[in-house]
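Colleague: My structure is below; once you've seen it, I'll send some questions.
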Amino acid sequence: MKIAVASNNQIKVSGHLGRAKSFLIYDIEDSRVIKKEIRINTFTHHVQHNHQHEDNHSAHVQGEGMHSHADLIDGLKDCSHIIFQSGGRRVIEDLKANNIVPILTDEEVADTAVEKFLNGNLLQKEESGCAH
């Protein structure tokens with residue numbers, strides 16, 4: 001099993017899934033991390049176009065039907081779960097539809113979040129959508 005964690009600095013869980021600079025990929029066997037890699041985020045819409053916060057919000061609202069998460073799904077298709085702090089309702093639904101379990105949490109440190117998840121102790125947030 002592989003678990004992805006959205007991160008901007010390869011230490012902390014990032015606040016917004018689409019704007020994460022990278023994803024930490026944890027390879028898990030027998031409930032233990034056996035390998036960890038960094039996957040630079042070159043596949044989300046926000047990163048590709050280097051949008052500012054205000055531009056992102058209007059793109060979500062005005063282009064609701066045209067905003068695709070296919071590249072994100074493709075970039076993480078080998079992962080069964082993804083841990084992050086916030087993301088829009090549509091990306092959460094798209095992850096689920098592609099068998100990637102979204103896990104929203106306030107846990108700040110990526111390694112700790114994965115350890116707590118593996119031990120069944122990770123506190124998860126309600127899926128409240130994007131906090132724009």
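Residues are referred to by chain and number: the chain letter is A, B, ... according to the order shown in the structure tokens, the number counts from 1 in that chain, and ligands are numbered separately from 1 in the order shown.
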Please provide the set of residues having any atom within 12 Å of Ala70 of chain A, restricted to only C-alpha atoms, with same-chain residues fewer than 6 positions apart removed, written as a count of residues only.
Modeller: 11
Colleague: Rank nothing, just name the residue among A:Pro102, A:His81, A:Phe23, A:Arg89 nearest to Val5 of chain A, using only C-alpha atoms.
Modeller: A:Phe23
Colleague: DSSP on the backbone, strand (DSSP E or B) only: what residues of segment 96-129 of chain A does that give? Format it as a ChimeraX atom specification.
Modeller: /A:101-104,109
Colleague: Considering only C-alpha atoms, state which residue in the set A:Ser80, A:Asn121, A:Ser68, A:Gln85 is at the smallest distance from Ala20 of chain A.
Modeller: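 When distances to Ala20 of chain A are compared using only C-alpha atoms, the smallest one comes from A:Gln85.
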Colleague: Looking at A:Asn41, A:Ile25, A:Asn119, A:Ser86, which one is nearest to Asn8 of chain A, with distances taken over only C-alpha atoms?
Modeller: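 Among the listed residues, the smallest separation from Asn8 of chain A belongs to A:Asn41.
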Colleague: For Ile11 of chain A, which residue among A:Asp71, A:Glu29, A:Lys36, A:Ile100 is the nearest when counting only C-alpha atoms?
Modeller: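 Checking each candidate against Ile11 of chain A, we get A:Lys36 as the closest.
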Colleague: With only C-alpha atoms as the basis for distance, which of A:Ile28, A:Ile3, A:Ile40, A:Ala110 is at the shortest distance from Gly15 of chain A?
Modeller: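 Residue with the minimum atom-to-atom distance to Gly15 of chain A: A:Ala110.
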